[in-house]
>>> print(open('query.pdb').read())   # PDB, C-alpha atoms
ATOM      1  CA  MET Q   1     -18.241 -11.495   4.280
ATOM      2  CA  ASN Q   2     -21.031 -14.075   4.408
ATOM      3  CA  SER Q   3     -18.770 -16.431   2.494
ATOM      4  CA  ASP Q   4     -16.155 -16.066   5.254
ATOM      5  CA  ARG Q   5     -18.806 -16.693   7.881
ATOM      6  CA  ALA Q   6     -20.131 -19.743   6.014
ATOM      7  CA  ILE Q   7     -16.597 -21.127   5.724
ATOM      8  CA  ALA Q   8     -15.974 -20.436   9.417
ATOM      9  CA  LEU Q   9     -19.128 -22.319  10.427
ATOM     10  CA  VAL Q  10     -18.204 -25.327   8.300
ATOM     11  CA  SER Q  11     -14.593 -25.179   9.434
ATOM     12  CA  GLU Q  12     -15.637 -25.289  13.067
ATOM     13  CA  ALA Q  13     -17.994 -28.240  12.580
ATOM     14  CA  THR Q  14     -15.781 -30.343  10.330
ATOM     15  CA  GLY Q  15     -12.293 -29.684  11.667
ATOM     16  CA  TYR Q  16     -10.912 -28.354   8.381
ATOM     17  CA  SER Q  17      -8.985 -25.139   8.676
ATOM     18  CA  ALA Q  18     -10.707 -22.185   7.020
ATOM     19  CA  SER Q  19      -7.915 -21.965   4.454
ATOM     20  CA  GLU Q  20      -8.709 -25.505   3.264
ATOM     21  CA  ILE Q  21     -12.302 -24.578   2.358
ATOM     22  CA  THR Q  22     -13.377 -22.527  -0.637
ATOM     23  CA  SER Q  23     -16.746 -21.038  -1.522
ATOM     24  CA  GLU Q  24     -17.149 -23.759  -4.199
ATOM     25  CA  ASP Q  25     -16.996 -26.586  -1.667
ATOM     26  CA  ASP Q  26     -19.899 -28.700  -0.483
ATOM     27  CA  ALA Q  27     -20.548 -31.885   1.475
ATOM     28  CA  GLU Q  28     -19.393 -33.927  -1.539
ATOM     29  CA  THR Q  29     -15.999 -32.273  -1.834
ATOM     30  CA  LEU Q  30     -15.304 -32.194   1.912
ATOM     31  CA  PRO Q  31     -15.251 -35.768   3.242
ATOM     32  CA  LEU Q  32     -15.233 -34.611   6.875
ATOM     33  CA  TRP Q  33     -18.590 -32.891   6.279
ATOM     34  CA  ASP Q  34     -20.403 -35.978   7.572
ATOM     35  CA  SER Q  35     -23.844 -36.388   9.119
ATOM     36  CA  VAL Q  36     -22.766 -35.379  12.637
ATOM     37  CA  ALA Q  37     -20.842 -32.376  11.313
ATOM     38  CA  HIS Q  38     -23.936 -31.421   9.308
ATOM     39  CA  ILE Q  39     -26.141 -31.476  12.395
ATOM     40  CA  ASN Q  40     -23.614 -29.201  14.105
ATOM     41  CA  ILE Q  41     -23.557 -26.873  11.089
ATOM     42  CA  VAL Q  42     -27.350 -26.549  11.101
ATOM     43  CA  MET Q  43     -27.378 -25.933  14.853
ATOM     44  CA  ALA Q  44     -24.661 -23.281  14.500
ATOM     45  CA  ILE Q  45     -26.598 -21.518  11.725
ATOM     46  CA  GLU Q  46     -29.770 -21.559  13.824
ATOM     47  CA  ALA Q  47     -27.854 -20.174  16.811
ATOM     48  CA  GLU Q  48     -26.361 -17.470  14.630
ATOM     49  CA  LEU Q  49     -29.733 -16.479  13.189
ATOM     50  CA  GLY Q  50     -31.507 -16.847  16.520
ATOM     51  CA  ARG Q  51     -34.306 -18.932  15.038
ATOM     52  CA  SER Q  52     -35.109 -22.368  13.650
ATOM     53  CA  LEU Q  53     -34.661 -22.797   9.926
ATOM     54  CA  ASN Q  54     -37.833 -23.378   7.994
ATOM     55  CA  THR Q  55     -38.300 -26.357   5.710
ATOM     56  CA  ASP Q  56     -37.508 -24.458   2.529
ATOM     57  CA  GLU Q  57     -34.206 -23.230   3.945
ATOM     58  CA  ILE Q  58     -32.956 -26.568   5.219
ATOM     59  CA  ILE Q  59     -32.566 -28.320   1.885
ATOM     60  CA  ASP Q  60     -29.970 -26.005   0.352
ATOM     61  CA  ILE Q  61     -27.427 -25.763   3.136
ATOM     62  CA  THR Q  62     -25.215 -28.670   2.109
ATOM     63  CA  SER Q  63     -22.800 -26.322   0.347
ATOM     64  CA  ILE Q  64     -20.818 -23.219   1.274
ATOM     65  CA  ALA Q  65     -22.724 -21.282  -1.387
ATOM     66  CA  GLY Q  66     -26.045 -22.442   0.060
ATOM     67  CA  ILE Q  67     -25.096 -21.386   3.583
ATOM     68  CA  GLN Q  68     -23.766 -18.104   2.231
ATOM     69  CA  ALA Q  69     -27.034 -17.428   0.400
ATOM     70  CA  LEU Q  70     -29.043 -18.185   3.512
ATOM     71  CA  LEU Q  71     -26.921 -15.888   5.695
ATOM     72  CA  GLN Q  72     -27.158 -13.168   3.052
ATOM     73  CA  LYS Q  73     -30.924 -13.499   2.804
ATOM     74  CA  SER Q  74     -31.331 -13.472   6.583
ATOM     75  CA  ALA Q  75     -29.079 -10.435   6.944
ATOM     76  CA  GLY Q  76     -31.220  -8.616   4.400
ATOM     77  CA  CYS Q  77     -34.465  -9.337   6.213
TER      78      CYS Q  77
ATOM     79  CA  MET P  78     -44.887 -56.337  -6.958
ATOM     80  CA  THR P  79     -43.307 -59.207  -5.078
ATOM     81  CA  VAL P  80     -39.602 -59.269  -4.474
ATOM     82  CA  PRO P  81     -38.172 -62.381  -6.156
ATOM     83  CA  GLN P  82     -36.431 -64.708  -3.722
ATOM     84  CA  SER P  83     -33.069 -64.234  -5.334
ATOM     85  CA  PRO P  84     -30.272 -65.967  -3.450
ATOM     86  CA  ASP P  85     -28.355 -62.688  -3.613
ATOM     87  CA  LEU P  86     -31.004 -61.056  -1.467
ATOM     88  CA  THR P  87     -31.377 -63.784   1.118
ATOM     89  CA  LYS P  88     -27.748 -64.345   1.994
ATOM     90  CA  PRO P  89     -25.541 -61.964   4.008
ATOM     91  CA  ILE P  90     -23.944 -59.142   2.048
ATOM     92  CA  LEU P  91     -20.447 -57.965   2.862
ATOM     93  CA  THR P  92     -19.367 -54.353   2.608
ATOM     94  CA  GLU P  93     -15.980 -52.984   3.619
ATOM     95  CA  ARG P  94     -16.842 -52.694   7.314
ATOM     96  CA  PHE P  95     -20.223 -54.415   7.666
ATOM     97  CA  GLU P  96     -22.073 -57.642   7.179
ATOM     98  CA  LEU P  97     -25.696 -57.050   6.198
ATOM     99  CA  VAL P  98     -27.606 -59.961   7.666
ATOM    100  CA  PRO P  99     -31.096 -60.635   6.261
ATOM    101  CA  LEU P 100     -33.743 -60.686   8.975
ATOM    102  CA  GLY P 101     -37.068 -62.482   9.266
ATOM    103  CA  ARG P 102     -40.133 -61.029  10.960
ATOM    104  CA  TRP P 103     -39.011 -61.631  14.557
ATOM    105  CA  GLY P 104     -35.474 -60.500  13.918
ATOM    106  CA  THR P 105     -36.831 -57.315  12.394
ATOM    107  CA  MET P 106     -39.207 -56.800  15.322
ATOM    108  CA  LYS P 107     -36.314 -57.095  17.772
ATOM    109  CA  GLN P 108     -34.352 -54.460  15.860
ATOM    110  CA  GLU P 109     -37.393 -52.190  15.603
ATOM    111  CA  ALA P 110     -37.951 -52.540  19.356
ATOM    112  CA  ILE P 111     -34.398 -51.304  20.019
ATOM    113  CA  ILE P 112     -35.011 -48.294  17.762
ATOM    114  CA  ASP P 113     -38.452 -47.616  19.231
ATOM    115  CA  ALA P 114     -37.064 -47.686  22.787
ATOM    116  CA  ASP P 115     -34.527 -44.986  21.904
ATOM    117  CA  ASP P 116     -36.198 -41.648  22.708
ATOM    118  CA  GLU P 117     -34.048 -39.648  20.302
ATOM    119  CA  LEU P 118     -34.481 -42.006  17.350
ATOM    120  CA  ARG P 119     -38.192 -42.468  17.982
ATOM    121  CA  ALA P 120     -38.688 -38.695  18.091
ATOM    122  CA  LEU P 121     -36.869 -38.274  14.807
ATOM    123  CA  LEU P 122     -38.289 -41.244  12.931
ATOM    124  CA  SER P 123     -41.838 -41.723  14.161
ATOM    125  CA  HIS P 124     -42.480 -38.585  16.244
ATOM    126  CA  ARG P 125     -44.199 -40.597  18.988
ATOM    127  CA  ARG P 126     -43.864 -39.802  22.686
ATOM    128  CA  LYS P 127     -43.958 -43.402  23.842
ATOM    129  CA  PRO P 128     -42.686 -46.698  22.436
ATOM    130  CA  ARG P 129     -45.204 -49.033  20.839
ATOM    131  CA  SER P 130     -46.697 -51.786  22.985
ATOM    132  CA  PHE P 131     -45.633 -55.347  22.125
ATOM    133  CA  LEU P 132     -49.126 -56.058  20.771
ATOM    134  CA  LYS P 133     -49.066 -53.045  18.442
ATOM    135  CA  SER P 134     -45.602 -54.051  17.247
ATOM    136  CA  VAL P 135     -46.863 -57.533  16.360
ATOM    137  CA  ILE P 136     -49.875 -56.081  14.512
ATOM    138  CA  ALA P 137     -47.657 -53.624  12.637
ATOM    139  CA  SER P 138     -45.242 -56.392  11.756
ATOM    140  CA  LYS P 139     -48.038 -58.539  10.297
ATOM    141  CA  ARG P 140     -49.160 -55.660   8.102
ATOM    142  CA  LYS P 141     -45.705 -55.402   6.572
ATOM    143  CA  LYS P 142     -45.601 -58.334   4.222
ATOM    144  CA  ILE P 143     -42.098 -59.748   4.285
ATOM    145  CA  PRO P 144     -41.939 -60.715   0.572
ATOM    146  CA  LYS P 145     -42.303 -57.043  -0.287
ATOM    147  CA  ARG P 146     -39.649 -55.813   2.067
ATOM    148  CA  LEU P 147     -36.184 -56.878   2.881
ATOM    149  CA  ASN P 148     -34.632 -56.122   6.236
ATOM    150  CA  HIS P 149     -30.973 -56.305   7.129
ATOM    151  CA  ALA P 150     -29.235 -56.037  10.461
ATOM    152  CA  ILE P 151     -26.119 -53.921  10.029
ATOM    153  CA  VAL P 152     -23.401 -55.883  11.795
ATOM    154  CA  VAL P 153     -19.825 -54.684  12.254
ATOM    155  CA  ARG P 154     -17.578 -57.301  10.652
ATOM    156  CA  GLU P 155     -14.735 -56.763  13.080
ATOM    157  CA  SER P 156     -16.740 -57.117  16.287
ATOM    158  CA  GLY P 157     -19.905 -58.962  15.227
ATOM    159  CA  LYS P 158     -21.911 -56.222  16.927
ATOM    160  CA  SER P 159     -25.237 -55.139  15.454
ATOM    161  CA  ILE P 160     -25.474 -51.355  15.116
ATOM    162  CA  GLY P 161     -28.633 -50.736  13.128
ATOM    163  CA  LEU P 162     -31.421 -51.797  10.808
ATOM    164  CA  HIS P 163     -31.840 -51.203   7.091
ATOM    165  CA  THR P 164     -35.071 -51.857   5.211
ATOM    166  CA  ILE P 165     -35.847 -51.736   1.512
ATOM    167  CA  ARG P 166     -39.456 -52.032   0.452
ATOM    168  CA  VAL P 167     -40.634 -52.334  -3.113
ATOM    169  CA  ILE P 168     -43.715 -50.151  -3.472
ATOM    170  CA  LYS P 169     -44.865 -50.373  -7.094
ATOM    171  CA  HIS P 170     -43.839 -49.589 -10.660
ATOM    172  CA  ASN P 171     -40.256 -50.730 -10.019
ATOM    173  CA  THR P 172     -39.947 -48.192  -7.239
ATOM    174  CA  ALA P 173     -38.440 -48.978  -3.854
ATOM    175  CA  THR P 174     -38.306 -46.990  -0.676
ATOM    176  CA  MET P 175     -35.785 -47.307   2.137
ATOM    177  CA  PHE P 176     -35.520 -46.881   5.884
ATOM    178  CA  VAL P 177     -32.450 -46.946   8.093
ATOM    179  CA  ALA P 178     -31.637 -46.392  11.744
ATOM    180  CA  ILE P 179     -28.206 -46.591  13.330
ATOM    181  CA  TYR P 180     -28.820 -47.032  17.030
ATOM    182  CA  ASP P 181     -25.193 -47.401  18.076
ATOM    183  CA  ARG P 182     -24.063 -43.821  18.546
ATOM    184  CA  ASP P 183     -20.403 -44.762  18.168
ATOM    185  CA  TRP P 184     -21.220 -45.181  14.471
ATOM    186  CA  TRP P 185     -22.895 -41.831  13.940
ATOM    187  CA  GLY P 186     -20.875 -39.657  11.578
ATOM    188  CA  GLU P 187     -18.954 -42.686  10.292
ATOM    189  CA  ASN P 188     -20.693 -42.841   6.890
ATOM    190  CA  ALA P 189     -22.214 -46.221   7.761
ATOM    191  CA  VAL P 190     -25.488 -45.483   5.959
ATOM    192  CA  ILE P 191     -23.700 -44.413   2.799
ATOM    193  CA  GLU P 192     -21.546 -47.542   2.759
ATOM    194  CA  VAL P 193     -24.555 -49.811   3.309
ATOM    195  CA  ARG P 194     -26.642 -48.162   0.619
ATOM    196  CA  LYS P 195     -23.855 -48.127  -1.933
ATOM    197  CA  SER P 196     -23.951 -51.888  -1.596
ATOM    198  CA  LEU P 197     -27.711 -52.488  -1.396
ATOM    199  CA  ILE P 198     -28.918 -50.103  -4.110
ATOM    200  CA  PRO P 199     -26.901 -51.731  -6.944
ATOM    201  CA  LEU P 200     -27.938 -55.182  -5.743
ATOM    202  CA  TYR P 201     -31.593 -54.243  -5.725
ATOM    203  CA  GLN P 202     -31.376 -52.583  -9.086
ATOM    204  CA  ALA P 203     -29.706 -55.664 -10.573
ATOM    205  CA  THR P 204     -31.793 -58.415  -9.001
ATOM    206  CA  VAL P 205     -35.235 -56.847  -8.636
ATOM    207  CA  GLY P 206     -35.126 -54.384 -11.509
ATOM    208  CA  VAL P 207     -35.815 -51.341  -9.359
ATOM    209  CA  THR P 208     -35.496 -48.211 -11.495
ATOM    210  CA  GLN P 209     -36.289 -45.653  -8.829
ATOM    211  CA  PHE P 210     -35.505 -45.277  -5.151
ATOM    212  CA  ALA P 211     -37.954 -42.811  -3.613
ATOM    213  CA  CYS P 212     -37.648 -41.845   0.036
ATOM    214  CA  ASP P 213     -39.370 -39.378   2.330
ATOM    215  CA  VAL P 214     -37.362 -37.712   5.100
ATOM    216  CA  HIS P 215     -38.491 -35.583   7.996
ATOM    217  CA  SER P 216     -37.359 -32.020   7.299
ATOM    218  CA  ARG P 217     -35.366 -31.873  10.538
ATOM    219  CA  ASN P 218     -33.619 -35.185  10.052
ATOM    220  CA  PHE P 219     -30.462 -33.355   8.982
ATOM    221  CA  ALA P 220     -28.199 -36.410   8.988
ATOM    222  CA  SER P 221     -30.489 -38.302   6.656
ATOM    223  CA  ILE P 222     -30.928 -35.330   4.318
ATOM    224  CA  LEU P 223     -27.162 -35.048   3.984
ATOM    225  CA  ASN P 224     -26.805 -38.773   3.323
ATOM    226  CA  TYR P 225     -29.381 -38.714   0.520
ATOM    227  CA  LYS P 226     -27.652 -35.760  -1.092
ATOM    228  CA  LYS P 227     -24.254 -37.439  -0.819
ATOM    229  CA  LEU P 228     -25.698 -40.525  -2.506
ATOM    230  CA  GLY P 229     -26.879 -38.401  -5.425
ATOM    231  CA  PHE P 230     -30.597 -38.353  -4.621
ATOM    232  CA  GLU P 231     -32.510 -35.365  -5.932
ATOM    233  CA  ASN P 232     -34.943 -33.442  -3.771
ATOM    234  CA  VAL P 233     -38.129 -33.581  -5.825
ATOM    235  CA  GLY P 234     -40.473 -31.785  -3.488
ATOM    236  CA  VAL P 235     -41.881 -31.301  -0.024
ATOM    237  CA  LYS P 236     -44.862 -32.865   1.675
ATOM    238  CA  TYR P 237     -45.943 -30.107   4.026
ATOM    239  CA  SER P 238     -47.656 -31.223   7.257
ATOM    240  CA  ALA P 239     -47.336 -34.848   6.190
ATOM    241  CA  ALA P 240     -47.336 -36.171   9.756
ATOM    242  CA  TYR P 241     -47.982 -34.969  13.263
ATOM    243  CA  ASP P 242     -45.033 -34.536  15.573
ATOM    244  CA  GLU P 243     -46.285 -35.522  19.045
ATOM    245  CA  ILE P 244     -43.119 -34.360  20.751
ATOM    246  CA  ASN P 245     -43.066 -30.816  19.381
ATOM    247  CA  GLU P 246     -46.849 -30.723  19.036
ATOM    248  CA  ARG P 247     -46.895 -29.469  15.481
ATOM    249  CA  PRO P 248     -47.214 -30.859  11.955
ATOM    250  CA  ALA P 249     -44.033 -32.243  10.427
ATOM    251  CA  ASP P 250     -42.870 -31.614   6.864
ATOM    252  CA  TYR P 251     -41.149 -34.246   4.758
ATOM    253  CA  PHE P 252     -38.704 -33.913   1.889
ATOM    254  CA  MET P 253     -39.145 -36.285  -1.027
ATOM    255  CA  PHE P 254     -35.915 -37.661  -2.451
ATOM    256  CA  SER P 255     -35.535 -39.659  -5.646
ATOM    257  CA  LEU P 256     -32.722 -41.496  -7.395
ATOM    258  CA  ARG P 257     -33.834 -42.870 -10.726
ATOM    259  CA  ASP P 258     -33.136 -43.862 -14.297
ATOM    260  CA  ASP P 259     -29.939 -42.401 -15.749
ATOM    261  CA  GLN P 260     -28.799 -40.800 -12.510
ATOM    262  CA  LEU P 261     -29.301 -44.148 -10.732
ATOM    263  CA  LYS P 262     -27.243 -45.928 -13.397
ATOM    264  CA  ARG P 263     -24.523 -43.279 -13.204
ATOM    265  CA  LYS P 264     -24.242 -43.524  -9.445
ATOM    266  CA  ILE P 265     -24.187 -47.334  -9.497
ATOM    267  CA  ALA P 266     -21.422 -47.260 -12.120
ATOM    268  CA  GLU P 267     -19.519 -44.830  -9.936
ATOM    269  CA  TRP P 268     -19.888 -46.968  -6.800
ATOM    270  CA  THR P 269     -19.117 -50.277  -8.459
ATOM    271  CA  GLY P 270     -16.234 -48.925 -10.534
ATOM    272  CA  ASP P 271     -17.958 -49.680 -13.865
ATOM    273  CA  GLU P 272     -17.641 -46.123 -15.161
TER     274      GLU P 272
END
>>> encode(input="query.pdb", output="structure tokens")
Amino acid sequence: MNSDRAIALVSEATGYSASEITSEDDAETLPLWDSVAHINIVMAIEAELGRSLNTDEIIDITSIAGIQALLQKSAGC
Amino acid sequence: MTVPQSPDLTKPILTERFELVPLGRWGTMKQEAIIDADDELRALLSHRRKPRSFLKSVIASKRKKIPKRLNHAIVVRESGKSIGLHTIRVIKHNTATMFVAIYDRDWWGENAVIEVRKSLIPLYQATVGVTQFACDVHSRNFASILNYKKLGFENVGVKYSAAYDEINERPADYFMFSLRDDQLKRKIAEWTGDE
């Protein structure tokens, strides 16, 4: 479920359709995941969680798996 | 360590879309003034509320010894328009640090920084013998963090409360990124097609 949500967030910010993104993808494998898209992804995650990300969370969200892990962790809190 | 005055470093460098034009002290100051006058960039890069005065800019410029740092205006080849500033500074022990600001918003999200650095890093490694590029990035400079990761830099730690953010009135954390030794060689081979 969090994987779907992570893919949806990245899809919305990059313009890829959700079916073009897999849970193995990251900013390297998706050329449209550029710096502006990344800012939008971070903002969307913060809006979804209702809080600013802390420093330790920010570094790992350049992949679908990283976003998924963050959403999972936040849901468990 | 003084940067040797290699002709490769003092003449313009061409990338696919840009000409990187070496700047002297005044040219650099003009570029820095553009960046400093931009509220958004200043907040992100130096966390100051107000731009520096001209006098402070001159003093700061004199502190930065030109032989140890190389500044390039990033100029669009097609239009001749300058869109940003890139700086490489050799610190010590064959280690260099870098700074970049793209002030033309039309070029945000266009991978300009990645293209520029894929050209400058191999040149610096080859002509100056730099074996490590080490850069600190504000933890909320998301665009820059992504660019370092895309270039293959490794996050090697965090400097917590490394600076004070005047705008948000709180300490600012910085990520430390490094590209060195074998990973540096691998990435350069990848970018230059020498794999």
>>> closest_atom_pairs(input="query.pdb", of="chain Q", to="chain P", cutoff="6 Å", atoms="all atoms listed in the file", output="JSON lines")
{"residue": "Q:Asp34", "atom": "CA", "partner": "P:Gly186", "partner_atom": "CA", "distance": 5.5}
{"residue": "Q:Ser35", "atom": "CA", "partner": "P:Ala220", "partner_atom": "CA", "distance": 4.4}
{"residue": "Q:Val36", "atom": "CA", "partner": "P:Gly186", "partner_atom": "CA", "distance": 4.8}
{"residue": "Q:Ile39", "atom": "CA", "partner": "P:Phe219", "partner_atom": "CA", "distance": 5.8}
{"residue": "Q:Thr55", "atom": "CA", "partner": "P:Ser216", "partner_atom": "CA", "distance": 6.0}
>>> closest_residue(input="query.pdb", among="Q:Leu70, Q:Ile21, Q:Ile41, Q:Ala27", to="Leu9 of chain Q", atoms="all atoms listed in the file")
Q:Ile41
>>> resolve_selection(input="query.pdb", expression="the PyMOL selection byres ((chain P and resi 201-207) around 8)", output="VMD selection string")
chain P and resid 80 to 81 83 85 167 171 to 173 197 to 200 208 to 210
>>> atom_distance(input="query.pdb", atom1="atom CA of Ile151 of chain P", atom2="atom CA of Ser63 of chain Q")
29.4 Å
>>> residues_near_point(input="query.pdb", point="(-20.5, -49.7, -9.9)", cutoff="12 Å", atoms="all atoms listed in the file", output="list in words")
Lys195, Ser196, Leu197, Ile198, Pro199, Leu200, Gln202, Ala203, Leu261, Lys262, Arg263, Lys264, Ile265, Ala266, Glu267, Trp268, Thr269, Gly270, Asp271 and Glu272 of chain P
>>> atom_distance(input="query.pdb", atom1="atom CA of Val233 of chain P", atom2="atom CA of Gln260 of chain P")
13.6 Å
>>> resolve_selection(input="query.pdb", expression="the PyMOL selection byres ((chain P and resi 165) around 6)", output="PyMOL selection string")
chain P and resi 146-147+164+166+174-175
>>> resolve_selection(input="query.pdb", expression="the PyMOL selection byres ((chain Q and resi 23) around 7)", output="list in words")
Ser3, Ile21, Thr22, Glu24, Asp25, Ile64 and Ala65 of chain Q
>>> atom_distance(input="query.pdb", atom1="atom CA of Thr105 of chain P", atom2="atom CA of Ala150 of chain P")
7.9 Å
>>> residues_near_point(input="query.pdb", point="(-27.9, -42.8, 22.4)", cutoff="12 Å", atoms="all atoms listed in the file", output="PyMOL selection string")
chain P and resi 111-112+114-119+160+178-185
>>> axis_aligned_box(input="query.pdb", around="segment 46-60 of chain Q", padding_each_side="6 Å", output="JSON")
{"center_x": -32.3, "center_y": -22.4, "center_z": 8.6, "size_x": 23.9, "size_y": 23.8, "size_z": 28.5}
>>> residues_around(input="query.pdb", residues="segment 241-248 of chain P", least_positions_apart="3", cutoff="7 Å", atoms="all atoms listed in the file", output="compact mmCIF listing (two decimals) with C-alpha atoms, keeping the file's coordinate frame")
# COMPACT_ATOMS: atom_id res chain seq x y z
CA ALA P 120 -38.69 -38.70 18.09
CA HIS P 124 -42.48 -38.58 16.24
CA ARG P 125 -44.20 -40.60 18.99
CA ARG P 126 -43.86 -39.80 22.69
CA SER P 238 -47.66 -31.22 7.26
>>> residues_around(input="query.pdb", residues="Thr62 of chain Q", least_positions_apart="4", cutoff="9 Å", atoms="only C-alpha atoms", output="PyMOL selection string")
(chain Q and resi 26-28+33+38+58+66-67) or (chain P and resi 223+226)
>>> closest_residue(input="query.pdb", among="P:Val152, P:Ile191, P:Ser255, P:Gly157", to="Pro99 of chain P", atoms="only C-alpha atoms")
P:Val152
>>> build_atoms(input="query.pdb", residues="segment 8-28 of chain Q", atoms="N, CA and C atoms", output="JSON list (two decimals), in the frame of the given file")
[["chain", "number", "residue", "atom", "x", "y", "z"],
["Q", 8, "ALA", "N", -16.32, -20.31, 7.99],
["Q", 8, "ALA", "CA", -15.97, -20.44, 9.42],
["Q", 8, "ALA", "C", -16.89, -21.44, 10.12],
["Q", 9, "LEU", "N", -18.18, -21.39, 9.81],
["Q", 9, "LEU", "CA", -19.13, -22.32, 10.43],
["Q", 9, "LEU", "C", -18.80, -23.76, 10.06],
["Q", 10, "VAL", "N", -18.51, -23.97, 8.77],
["Q", 10, "VAL", "CA", -18.20, -25.33, 8.30],
["Q", 10, "VAL", "C", -16.85, -25.78, 8.85],
["Q", 11, "SER", "N", -15.92, -24.86, 8.90],
["Q", 11, "SER", "CA", -14.59, -25.18, 9.43],
["Q", 11, "SER", "C", -14.70, -25.66, 10.89],
["Q", 12, "GLU", "N", -15.48, -24.94, 11.65],
["Q", 12, "GLU", "CA", -15.64, -25.29, 13.07],
["Q", 12, "GLU", "C", -16.28, -26.66, 13.26],
["Q", 13, "ALA", "N", -17.26, -26.97, 12.41],
["Q", 13, "ALA", "CA", -17.99, -28.24, 12.58],
["Q", 13, "ALA", "C", -17.25, -29.44, 12.01],
["Q", 14, "THR", "N", -16.42, -29.21, 11.00],
["Q", 14, "THR", "CA", -15.78, -30.34, 10.33],
["Q", 14, "THR", "C", -14.34, -30.57, 10.77],
["Q", 15, "GLY", "N", -13.70, -29.54, 11.28],
["Q", 15, "GLY", "CA", -12.29, -29.68, 11.67],
["Q", 15, "GLY", "C", -11.32, -29.26, 10.59],
["Q", 16, "TYR", "N", -11.81, -28.92, 9.40],
["Q", 16, "TYR", "CA", -10.91, -28.35, 8.38],
["Q", 16, "TYR", "C", -10.51, -26.95, 8.82],
["Q", 17, "SER", "N", -9.32, -26.54, 8.42],
["Q", 17, "SER", "CA", -8.98, -25.14, 8.68],
["Q", 17, "SER", "C", -9.70, -24.30, 7.61],
["Q", 18, "ALA", "N", -9.96, -23.05, 7.95],
["Q", 18, "ALA", "CA", -10.71, -22.18, 7.02],
["Q", 18, "ALA", "C", -9.99, -22.06, 5.68],
["Q", 19, "SER", "N", -8.67, -22.12, 5.71],
["Q", 19, "SER", "CA", -7.92, -21.96, 4.45],
["Q", 19, "SER", "C", -8.06, -23.18, 3.54],
["Q", 20, "GLU", "N", -8.53, -24.30, 4.08],
["Q", 20, "GLU", "CA", -8.71, -25.50, 3.26],
["Q", 20, "GLU", "C", -10.07, -25.52, 2.55],
["Q", 21, "ILE", "N", -10.94, -24.59, 2.90],
["Q", 21, "ILE", "CA", -12.30, -24.58, 2.36],
["Q", 21, "ILE", "C", -12.47, -23.39, 1.42],
["Q", 22, "THR", "N", -13.10, -23.64, 0.27],
["Q", 22, "THR", "CA", -13.38, -22.53, -0.64],
["Q", 22, "THR", "C", -14.90, -22.37, -0.77],
["Q", 23, "SER", "N", -15.30, -21.28, -1.39],
["Q", 23, "SER", "CA", -16.75, -21.04, -1.52],
["Q", 23, "SER", "C", -17.39, -21.99, -2.53],
["Q", 24, "GLU", "N", -16.59, -22.77, -3.26],
["Q", 24, "GLU", "CA", -17.15, -23.76, -4.20],
["Q", 24, "GLU", "C", -17.39, -25.11, -3.53],
["Q", 25, "ASP", "N", -16.91, -25.27, -2.32],
["Q", 25, "ASP", "CA", -17.00, -26.59, -1.67],
["Q", 25, "ASP", "C", -18.42, -26.92, -1.21],
["Q", 26, "ASP", "N", -18.63, -28.22, -1.04],
["Q", 26, "ASP", "CA", -19.90, -28.70, -0.48],
["Q", 26, "ASP", "C", -19.63, -30.01, 0.26],
["Q", 27, "ALA", "N", -20.71, -30.66, 0.69],
["Q", 27, "ALA", "CA", -20.55, -31.88, 1.48],
["Q", 27, "ALA", "C", -19.92, -33.01, 0.65],
["Q", 28, "GLU", "N", -20.01, -32.92, -0.66],
["Q", 28, "GLU", "CA", -19.39, -33.93, -1.54],
["Q", 28, "GLU", "C", -17.88, -33.77, -1.57]]
